[in-house]
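Peer 1: Just so it is clear, I am handing over data23.txt, which has compact mmCIF, C-alpha atoms.
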```txt
# COMPACT_ATOMS: atom_id res chain seq x y z
CA MET M 4 -89.35 -66.12 54.15
CA THR M 5 -87.46 -67.86 56.92
CA HIS M 6 -83.79 -68.67 56.83
CA GLY M 7 -84.57 -72.39 56.78
CA SER M 8 -86.73 -72.20 53.70
CA GLU M 9 -84.09 -70.02 52.01
CA ARG M 10 -81.72 -72.93 52.32
CA GLU M 11 -84.32 -75.38 51.07
CA ASN M 12 -85.15 -73.53 47.90
CA PRO M 13 -82.45 -71.12 46.81
CA TRP M 14 -83.96 -70.74 43.33
CA ILE M 15 -87.19 -69.13 44.52
CA ASP M 16 -85.11 -67.08 46.85
CA ASP M 17 -82.87 -65.73 44.08
CA VAL M 18 -85.95 -64.78 42.12
CA GLU M 19 -87.42 -63.02 45.13
CA LEU M 20 -84.12 -61.18 45.67
CA MET M 21 -84.11 -60.14 42.03
CA ARG M 22 -87.63 -58.76 42.40
CA ARG M 23 -86.39 -56.65 45.28
CA VAL M 24 -83.33 -55.56 43.29
CA ARG M 25 -85.72 -54.48 40.52
CA ARG M 26 -87.35 -52.18 43.04
CA GLY M 27 -83.92 -50.74 43.82
CA ASP M 28 -83.23 -52.67 47.03
CA LEU M 29 -79.46 -52.62 47.49
CA THR M 30 -79.54 -54.95 50.51
CA ALA M 31 -81.11 -57.65 48.35
CA PHE M 32 -78.46 -56.98 45.73
CA ALA M 33 -75.70 -57.36 48.34
CA GLN M 34 -77.24 -60.69 49.35
CA LEU M 35 -77.22 -61.88 45.76
CA VAL M 36 -73.59 -60.87 45.30
CA GLU M 37 -72.57 -62.53 48.54
CA ARG M 38 -74.32 -65.74 47.54
CA HIS M 39 -72.90 -66.09 44.04
CA LYS M 40 -69.58 -64.24 44.10
CA ALA M 41 -67.43 -67.33 44.70
CA ALA M 42 -69.09 -69.33 41.90
CA VAL M 43 -68.80 -66.47 39.39
CA TYR M 44 -65.26 -65.59 40.43
CA THR M 45 -64.07 -69.22 40.30
CA TYR M 46 -65.60 -69.66 36.86
CA LEU M 47 -63.98 -66.46 35.60
CA VAL M 48 -60.54 -67.24 37.06
CA ARG M 49 -60.63 -70.61 35.31
CA MET M 50 -61.72 -68.97 32.10
CA VAL M 51 -59.31 -66.02 31.91
CA GLY M 52 -56.54 -67.40 34.11
CA ASP M 53 -55.91 -64.10 35.88
CA GLU M 54 -57.27 -63.29 39.32
CA THR M 55 -57.29 -59.50 38.99
CA GLU M 56 -59.01 -59.58 35.64
CA ALA M 57 -61.43 -62.20 36.90
CA GLU M 58 -62.35 -59.97 39.83
CA ASP M 59 -62.94 -56.99 37.54
CA LEU M 60 -65.06 -59.17 35.31
CA ALA M 61 -67.00 -60.55 38.27
CA GLN M 62 -67.73 -57.00 39.36
CA MET M 63 -68.93 -56.19 35.84
CA VAL M 64 -71.13 -59.29 35.86
CA PHE M 65 -72.91 -58.24 39.04
CA LEU M 66 -73.29 -54.64 37.90
CA GLN M 67 -74.75 -55.91 34.64
CA ILE M 68 -77.19 -57.96 36.71
CA PHE M 69 -78.09 -54.81 38.64
CA ARG M 70 -78.58 -52.76 35.48
CA SER M 71 -80.66 -55.46 33.79
CA ALA M 72 -82.78 -56.23 36.83
CA ARG M 73 -85.79 -54.49 35.23
CA ARG M 74 -85.59 -56.80 32.23
CA TYR M 75 -85.15 -59.98 34.29
CA LYS M 76 -87.97 -62.48 33.87
CA PRO M 77 -87.88 -65.52 36.16
CA THR M 78 -88.48 -68.00 33.36
CA ALA M 79 -85.16 -69.77 33.95
CA LYS M 80 -83.01 -70.49 36.95
CA PHE M 81 -81.19 -67.36 38.15
CA THR M 82 -77.76 -69.02 37.88
CA THR M 83 -78.38 -69.76 34.20
CA TRP M 84 -78.89 -66.06 33.57
CA LEU M 85 -75.94 -65.19 35.78
CA PHE M 86 -73.54 -67.51 33.96
CA THR M 87 -74.87 -66.40 30.58
CA ILE M 88 -73.89 -62.84 31.43
CA ALA M 89 -70.58 -64.01 32.90
CA ARG M 90 -69.80 -65.97 29.74
CA HIS M 91 -70.62 -63.06 27.44
CA LEU M 92 -68.38 -60.69 29.38
CA CYS M 93 -65.69 -63.33 29.49
CA LEU M 94 -65.90 -63.83 25.71
CA ASN M 95 -65.58 -60.07 25.21
CA GLU M 96 -62.48 -60.09 27.38
CA LEU M 97 -60.98 -63.04 25.51
CA ARG M 98 -61.69 -61.30 22.19
CA ARG M 99 -60.13 -58.09 23.49
CA ARG M 100 -57.06 -60.06 24.51
CA LYS M 101 -56.84 -61.61 21.09
CA ARG M 102 -56.91 -58.16 19.52
CA HIS M 103 -54.24 -56.84 21.88
CA ALA M 104 -52.29 -60.08 22.06
CA ALA M 105 -48.93 -58.34 21.76
CA ASP M 106 -49.60 -55.96 24.68
CA TYR M 107 -50.87 -58.79 26.78
CA ILE M 108 -47.78 -60.97 26.23
CA GLU M 109 -45.63 -57.96 27.07
CA ASP M 110 -47.56 -57.50 30.31
CA LEU M 111 -47.21 -61.15 31.20
CA HIS M 112 -43.47 -61.21 30.68
CA GLY M 113 -42.75 -57.70 31.89
CA GLY M 114 -39.80 -57.04 34.24
CA PRO M 115 -41.41 -56.11 37.59
CA ALA M 116 -43.89 -58.98 37.58
CA LYS M 117 -41.07 -61.46 37.05
CA GLU M 118 -39.09 -59.96 39.91
CA ILE M 119 -42.01 -60.39 42.28
CA GLU M 120 -42.44 -63.95 41.11
CA VAL M 121 -38.82 -64.75 41.98
CA GLN M 122 -38.99 -63.13 45.39
CA LEU M 123 -42.08 -65.04 46.50
CA PRO M 124 -41.47 -68.17 48.58
CA ASP M 125 -42.87 -71.42 47.20
CA PRO M 126 -46.09 -72.08 49.15
CA ARG M 127 -45.70 -75.81 48.56
CA SER M 128 -42.46 -76.01 50.57
CA ALA M 129 -44.42 -76.27 53.83
CA MET M 130 -46.83 -78.91 52.54
CA PRO M 131 -46.64 -82.66 53.11
CA ASP M 132 -45.77 -84.76 50.03
CA SER M 133 -49.32 -85.86 49.28
CA GLU M 134 -50.50 -82.25 49.42
CA VAL M 135 -47.68 -81.16 47.13
CA LEU M 136 -48.66 -83.84 44.64
CA LYS M 137 -52.27 -82.82 44.86
CA ALA M 138 -51.41 -79.15 44.36
CA GLU M 139 -49.24 -80.04 41.39
CA PHE M 140 -52.00 -82.14 39.91
CA PHE M 141 -54.45 -79.27 40.31
CA GLN M 142 -52.00 -77.01 38.51
CA MET M 143 -51.75 -79.54 35.72
CA LEU M 144 -55.53 -79.75 35.62
CA GLU M 145 -55.80 -75.95 35.41
CA LYS M 146 -53.31 -75.94 32.56
CA ALA M 147 -55.13 -78.69 30.67
CA LEU M 148 -58.39 -76.85 31.24
CA SER M 149 -56.95 -73.63 29.84
CA GLN M 150 -56.08 -75.47 26.63
CA LEU M 151 -59.67 -76.44 25.97
CA PRO M 152 -61.74 -74.37 23.54
CA GLU M 153 -63.87 -71.76 25.30
CA ASN M 154 -67.22 -73.54 24.94
CA GLN M 155 -65.81 -76.87 26.19
CA ARG M 156 -64.18 -75.14 29.14
CA THR M 157 -67.38 -73.32 30.06
CA ALA M 158 -69.45 -76.47 29.67
CA ILE M 159 -67.23 -78.73 31.78
CA ILE M 160 -66.80 -76.12 34.54
CA LEU M 161 -70.53 -75.44 34.75
CA PHE M 162 -71.34 -79.13 34.61
CA SER M 163 -68.81 -80.43 37.04
CA GLN M 164 -68.01 -77.58 39.38
CA GLN M 165 -71.19 -75.51 39.39
CA GLY M 166 -73.59 -78.44 39.12
CA LEU M 167 -75.67 -77.05 36.24
CA SER M 168 -77.77 -79.50 34.24
CA TYR M 169 -77.33 -80.16 30.53
CA GLU M 170 -80.42 -78.04 29.81
CA GLU M 171 -79.09 -75.10 31.79
CA ILE M 172 -75.67 -75.32 30.16
CA ALA M 173 -77.36 -75.49 26.76
CA CYS M 174 -79.10 -72.25 27.69
CA VAL M 175 -75.82 -70.59 28.68
CA LEU M 176 -74.04 -71.77 25.53
CA GLY M 177 -77.00 -71.07 23.30
CA CYS M 178 -77.05 -74.52 21.71
CA SER M 179 -79.10 -77.72 21.91
CA VAL M 180 -78.93 -80.20 24.79
CA GLN M 181 -77.52 -82.83 22.45
CA ALA M 182 -74.76 -80.48 21.31
CA THR M 183 -74.01 -79.65 24.96
CA LYS M 184 -73.64 -83.33 25.80
CA SER M 185 -71.28 -83.73 22.91
CA ILE M 186 -69.23 -80.67 23.97
CA ILE M 187 -68.88 -82.02 27.53
CA HIS M 188 -67.98 -85.46 26.22
CA ARG M 189 -65.20 -84.00 24.07
CA ALA M 190 -63.90 -81.96 27.00
CA ARG M 191 -63.82 -85.05 29.23
CA LEU M 192 -61.99 -87.06 26.58
CA TYR M 193 -59.40 -84.32 26.12
CA LEU M 194 -58.73 -83.93 29.84
CA ARG M 195 -58.42 -87.68 30.22
CA GLU M 196 -56.03 -87.93 27.32
CA VAL M 197 -53.82 -85.13 28.60
CA LEU M 198 -53.82 -86.14 32.26
CA LYS M 199 -53.98 -89.92 32.19
CA ARG M 200 -50.22 -90.29 32.60
CA TYR M 201 -50.51 -88.54 35.98
CA LEU M 202 -53.30 -90.82 37.14
CA ARG M 203 -52.64 -94.29 38.46
CA TYR M 204 -54.72 -97.39 38.35
CA GLY M 205 -54.83 -99.44 41.56
CA MET U 295 -76.58 -110.31 22.90
CA GLY U 296 -76.01 -107.09 20.94
CA PHE U 297 -78.89 -105.42 22.76
CA LYS U 298 -77.43 -106.40 26.13
CA LYS U 299 -74.04 -104.96 25.13
CA MET U 300 -75.64 -101.72 24.04
CA LYS U 301 -77.56 -101.48 27.29
CA MET U 302 -74.35 -102.00 29.27
CA LYS U 303 -72.57 -99.35 27.20
CA ASP U 304 -75.35 -96.88 27.94
CA GLN U 305 -75.19 -97.84 31.59
CA ILE U 306 -71.46 -97.13 31.95
CA GLN U 307 -71.83 -93.94 29.91
CA ARG U 308 -74.51 -92.72 32.32
CA LEU U 309 -72.34 -93.58 35.32
CA ARG U 310 -69.36 -91.77 33.78
CA GLU U 311 -71.45 -88.66 33.26
CA ALA U 312 -72.79 -88.88 36.81
CA VAL U 313 -69.36 -89.18 38.39
CA TRP U 314 -68.34 -85.85 36.82
CA GLN U 315 -71.09 -84.16 38.79
CA ARG U 316 -71.33 -86.04 42.08
CA GLU U 317 -70.46 -89.19 44.02
CA LEU U 318 -72.37 -92.24 42.85
CA THR U 319 -75.39 -93.32 44.86
CA PRO U 320 -75.32 -96.81 46.54
CA ASP U 321 -77.59 -98.15 43.79
CA GLU U 322 -75.29 -96.77 41.10
CA ASN U 323 -72.30 -98.31 42.89
CA VAL U 324 -73.99 -101.69 42.79
CA GLU U 325 -74.71 -101.14 39.11
CA LEU U 326 -71.06 -100.24 38.55
CA ASP U 327 -69.76 -103.28 40.43
CA LEU U 328 -71.94 -105.55 38.35
CA TYR U 329 -70.71 -103.91 35.18
CA LEU U 330 -67.04 -104.15 36.18
CA GLN U 331 -67.46 -107.79 37.19
CA ALA U 332 -68.89 -108.51 33.77
CA ASN U 333 -66.22 -106.37 32.04
CA PRO U 334 -63.01 -106.57 34.12
CA ARG U 335 -60.99 -105.01 31.31
CA ALA U 336 -62.97 -101.79 31.68
CA ARG U 337 -61.77 -101.31 35.27
CA PRO U 338 -58.52 -99.35 34.57
CA ASP U 339 -60.38 -97.05 32.26
CA TRP U 340 -63.07 -96.47 34.85
CA GLU U 341 -60.51 -95.86 37.62
CA ILE U 342 -58.79 -93.16 35.57
CA GLU U 343 -62.07 -91.49 34.74
CA TYR U 344 -63.18 -91.64 38.36
CA GLN U 345 -59.92 -90.15 39.68
CA LEU U 346 -59.96 -87.36 37.15
CA ALA U 347 -63.62 -86.52 37.71
CA SER U 348 -63.18 -86.56 41.50
CA ALA U 349 -60.13 -84.31 41.25
CA PHE U 350 -61.94 -81.94 38.92
CA ARG U 351 -64.96 -81.76 41.18
CA SER U 352 -62.81 -81.12 44.22
CA MET U 353 -60.81 -78.28 42.71
CA PRO U 354 -60.97 -75.66 45.46
CA PRO U 355 -63.45 -72.82 44.87
CA LEU U 356 -61.84 -69.40 44.81
CA GLU U 357 -62.91 -66.27 46.64
CA PRO U 358 -62.44 -62.70 45.45
CA ARG U 359 -60.52 -60.27 47.63
CA GLN U 360 -61.96 -59.00 50.89
CA GLY U 361 -64.60 -56.32 50.49
CA PHE U 362 -65.72 -57.45 47.03
CA THR U 363 -69.42 -57.26 47.87
CA GLU U 364 -69.03 -53.79 49.37
CA ARG U 365 -67.22 -52.55 46.29
CA VAL U 366 -69.87 -53.95 43.95
CA VAL U 367 -72.71 -52.50 46.04
CA ALA U 368 -70.98 -49.09 46.12
CA SER U 369 -70.72 -49.13 42.32
CA ALA U 370 -74.37 -50.18 42.09
CA MET U 371 -75.31 -47.28 44.32
CA GLU U 372 -73.46 -44.90 41.98
CA ILE U 373 -75.32 -46.35 39.02
CA GLN U 374 -78.60 -45.91 40.86
CA THR U 375 -77.83 -42.25 41.62
CA GLN U 376 -76.80 -41.60 38.02
CA ASP U 377 -79.98 -43.26 36.78
CA THR U 378 -82.13 -41.11 39.05
CA THR U 379 -80.38 -37.93 37.90
CA ARG U 380 -80.73 -38.99 34.27
CA ARG U 381 -84.41 -39.75 34.78
CA LEU U 382 -84.98 -36.35 36.38
CA LYS U 383 -83.12 -34.66 33.53
CA GLY U 384 -85.20 -36.64 31.09
CA PHE U 385 -88.33 -35.42 32.82
CA ALA U 386 -87.13 -31.81 32.54
CA ILE U 387 -86.41 -32.29 28.85
CA ASP U 388 -89.83 -33.87 28.37
CA PHE U 389 -91.48 -31.02 30.22
CA ASP U 390 -89.73 -28.43 28.03
CA LEU U 391 -90.84 -30.25 24.93
CA ILE U 392 -94.44 -30.32 26.15
CA ARG U 393 -94.27 -26.61 26.91
CA ALA U 394 -92.87 -25.82 23.48
CA TRP U 395 -95.56 -27.89 21.80
CA CYS U 396 -98.29 -26.16 23.83
CA LEU U 397 -96.92 -22.75 22.90
CA GLY U 398 -96.79 -23.65 19.23
CA PHE U 399 -100.29 -25.04 19.30
CA GLY U 400 -101.59 -21.90 21.03
CA LEU U 401 -99.96 -19.65 18.45
CA ALA U 402 -101.39 -21.69 15.61
CA LEU U 403 -104.86 -21.43 17.16
CA LEU U 404 -104.51 -17.66 17.52
CA ILE U 405 -103.47 -17.18 13.90
CA MET U 406 -106.32 -19.39 12.71
CA GLY U 407 -108.78 -17.45 14.90
CA ILE U 408 -107.67 -14.09 13.47
CA GLY U 409 -107.95 -15.48 9.96
CA LEU U 410 -111.47 -16.78 10.55
CA PHE U 411 -112.52 -13.52 12.18
CA LEU U 412 -111.26 -11.51 9.22
CA TRP U 413 -112.87 -13.85 6.75
CA PHE U 414 -116.34 -13.94 8.29
CA GLY U 415 -116.49 -10.57 10.06
CA HIS U 416 -115.33 -8.22 7.26
CA ARG U 417 -116.19 -10.13 4.16
CA PRO U 418 -116.97 -7.51 1.48
CA THR U 419 -120.42 -7.67 -0.15
CA PRO U 420 -120.12 -9.23 -3.56
CA GLY U 421 -119.84 -6.47 -6.11
CA GLY U 422 -120.55 -3.37 -3.95
CA TYR U 423 -122.53 -0.60 -5.77
CA ASN U 424 -121.83 -1.95 -9.20
CA GLY U 425 -123.29 -5.18 -8.08
CA ALA U 426 -126.44 -3.43 -6.87
CA ILE U 427 -126.92 -1.69 -10.22
CA ALA U 428 -126.38 -4.96 -12.00
CA MET U 429 -129.01 -6.52 -9.77
CA VAL U 430 -131.50 -3.72 -10.59
CA CYS U 431 -130.82 -4.09 -14.26
CA GLU U 432 -131.35 -7.79 -13.98
CA THR U 433 -134.63 -7.15 -12.19
CA ALA U 434 -135.65 -4.52 -14.74
CA LYS U 435 -135.17 -7.06 -17.50
CA ARG U 436 -137.72 -9.27 -15.84
CA ILE U 437 -140.28 -6.43 -15.30
CA SER U 438 -143.30 -6.70 -17.57
CA ILE U 439 -145.71 -3.91 -18.61
CA ASP U 440 -148.18 -5.25 -16.05
CA THR U 441 -145.71 -4.73 -13.36
CA LEU U 442 -145.20 -1.15 -14.38
CA ALA U 443 -148.86 -0.60 -13.76
CA ASP U 444 -148.00 -0.92 -10.17
CA TYR U 445 -145.42 1.91 -10.48
CA ASP U 446 -146.84 3.78 -7.51
CA VAL U 447 -146.45 0.78 -5.33
CA ILE U 448 -142.90 0.30 -6.52
CA LEU U 449 -142.24 3.96 -5.98
CA LYS U 450 -143.26 3.54 -2.39
CA LEU U 451 -140.76 0.75 -2.04
CA GLY U 452 -138.12 3.41 -2.66
CA SER U 453 -138.28 4.16 1.01
CA VAL U 454 -136.82 0.74 1.70
CA ARG U 455 -133.25 1.39 2.67
CA THR U 456 -131.73 -1.60 1.05
CA LEU U 457 -132.77 -0.57 -2.44
CA PRO U 458 -130.98 2.17 -4.36
CA GLU U 459 -132.71 5.47 -5.16
CA PRO U 460 -135.19 5.01 -8.00
CA ASP U 461 -134.15 6.37 -11.37
CA TYR U 462 -137.02 8.81 -11.94
CA GLU U 463 -135.93 9.78 -15.41
CA LEU U 464 -135.88 6.24 -16.55
CA LEU U 465 -139.15 5.44 -14.93
CA GLN U 466 -140.79 8.48 -16.56
CA LEU U 467 -139.43 7.47 -19.91
CA LEU U 468 -140.74 4.00 -19.48
CA GLN U 469 -144.14 5.32 -18.51
```
Translate the structure described by the file into structure tokens.
Peer 2:
Amino acid sequence: MTHGSERENPWIDDVELMRRVRRGDLTAFAQLVERHKAAVYTYLVRMVGDETEAEDLAQMVFLQIFRSARRYKPTAKFTTWLFTIARHLCLNELRRRKRHAADYIEDLHGGPAKEIEVQLPDPRSAMPDSEVLKAEFFQMLEKALSQLPENQRTAIILFSQQGLSYEEIACVLGCSVQATKSIIHRARLYLREVLKRYLRYG
Amino acid sequence: MGFKKMKMKDQIQRLREAVWQRELTPDENVELDLYLQANPRARPDWEIEYQLASAFRSMPPLEPRQGFTERVVASAMEIQTQDTTRRLKGFAIDFDLIRAWCLGFGLALLIMGIGLFLWFGHRPTPGGYNGAIAMVCETAKRISIDTLADYDVILKLGSVRTLPEPDYELLQLLQ
């Protein structure tokens, strides 16, 4: 397959790469990781809110893909399968956190981490005003996003930032298309309600 | 009138959903303009939704630390090696099991063979000597006087090895 056609039809290409991974081709696996790492990592950071944990989880996602390559059947889009695995691992992590909530809070508010936080210069100090506002708005958006229930967060991220269709998101969430539409609608309404005071008309 | 309102509601709903995924197409923009001209009070609401959706879509994608792919591939390679070792070990275990089964089966066959040999090769004759006497007595019971007329012939049969020695005393008495 030529490079041009790879760009034209990434779905077929992912499937082909998976076939090669099934045969134990590590180069094909590296290509798959390279292609999807940013999407998976971004999704996971927005889900767990911690870059280090998100990176560990992303690594686990790809290794799970590698281990399950023999069982992979190209009946659905590769990204649907990828995000299904990512979501399951993410849910496990969120459940683990819930169980060890006390330890986690201790970690978050521990001494050394706070010290580092204080010592770091504010990256926004060198930005122009509009950029500062934008960065602040993004922070607000991240915060509002983190307050959404897990399924709404997953659905809106996959819909809006990863460009998955309702059908694909329904597959990832394991519910009907109608229920997915409703979940996304509720997420949109919540974000709008929380952030509308920061948005201007005109 | 109600139908038209419903159609317009569906229309704006569809455009709202679309704007969360991508920029509107020129046709959709025309559709939107027409809708907003007909419903000017919906404009602020639309503007807020549009700004929020655009901001959400344009949230910068994040990249993992340098060398992420290499680290993942290295771990995958380890998994592959472990799998190969496990598979080889599994083969060895399977082979041992097959060998054990073969050995067991062979032993069972040997025992069965010995048993069969003993049963058919050295089976004792039913009754031995006592049996032979009983057989003669049984035969004697069936012998009629006419048969005894052929005593000489029967006497000659005495040379046949399979029969016991004739009882001369008895035969004389019978005669």
Peer 1: To one decimal place in Å, what is the distance between atom CA of Ile159 of chain M and atom CA of Ile187 of chain M?
Peer 2: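 One can read the atom CA of Ile159 of chain M to atom CA of Ile187 of chain M distance as 5.6 Å.
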Peer 1: So the first atom is atom CA of Pro320 of chain U and the second is atom CA of Leu202 of chain M; what is the distance between them in Å, to one decimal place?
Peer 2: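 So the answer is 24.7 Å.
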Peer 1: Up to 9 Å from chain U, what residues of chain M turn up? Count all atoms listed in the file and give them as a PyMOL selection string.
Peer 2: chain M and resi 27+29-30+32-34+36-37+40-42+44-46+48+54-55+57-58+61-63+65-66+69-70+137+140-141+144+159-160+162-167+188+191+194-195+198-199+202-205
Peer 1: Using atom CA of Asp304 of chain U and atom CA of Leu326 of chain U as the two end points, give the distance in Å to one decimal.
Peer 2: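 Atom-to-atom, atom CA of Asp304 of chain U to atom CA of Leu326 of chain U, that is 11.9 Å.
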Peer 1: Give me, as a list in words, all polymer residues having an atom no more than 8 Å from segment 89-93 of chain M, counting all atoms listed in the file and skipping those fewer than 6 positions away in the same chain.
Peer 2: Val43, Leu47, Met50, Val51, Leu60, Ala61, Met63, Val64, Thr157 and Val175 of chain M
Peer 1: What does the file look like for those residues with C-alpha atoms, as a PDB file, in the frame of the given file?
Peer 2:
```pdb
ATOM      1  CA  VAL M  43     -68.800 -66.470  39.390  1.00  0.00           C
ATOM      2  CA  LEU M  47     -63.980 -66.460  35.600  1.00  0.00           C
ATOM      3  CA  MET M  50     -61.720 -68.970  32.100  1.00  0.00           C
ATOM      4  CA  VAL M  51     -59.310 -66.020  31.910  1.00  0.00           C
ATOM      5  CA  LEU M  60     -65.060 -59.170  35.310  1.00  0.00           C
ATOM      6  CA  ALA M  61     -67.000 -60.550  38.270  1.00  0.00           C
ATOM      7  CA  MET M  63     -68.930 -56.190  35.840  1.00  0.00           C
ATOM      8  CA  VAL M  64     -71.130 -59.290  35.860  1.00  0.00           C
ATOM      9  CA  THR M 157     -67.380 -73.320  30.060  1.00  0.00           C
ATOM     10  CA  VAL M 175     -75.820 -70.590  28.680  1.00  0.00           C
TER      11      VAL M 175
END
```
Peer 1: Give me the residues within 12 Å of Met21 of chain M as a PyMOL selection string, counting only C-alpha atoms and dropping any in the same chain fewer than 2 places off.
Peer 2: chain M and resi 14-19+23-36+65+68-77+80-82+84-85
Peer 1: Just need the box for segment 72-80 of chain M, edges along x, y and z, holding every atom the file lists for it with 8 Å tacked onto each side, so centre and edge lengths in Å to one decimal, as AutoDock Vina command-line options.
Peer 2:
```
--center_x -85.6 --center_y -62.5 --center_z 34.6 --size_x 21.7 --size_y 32.0 --size_z 20.7
```
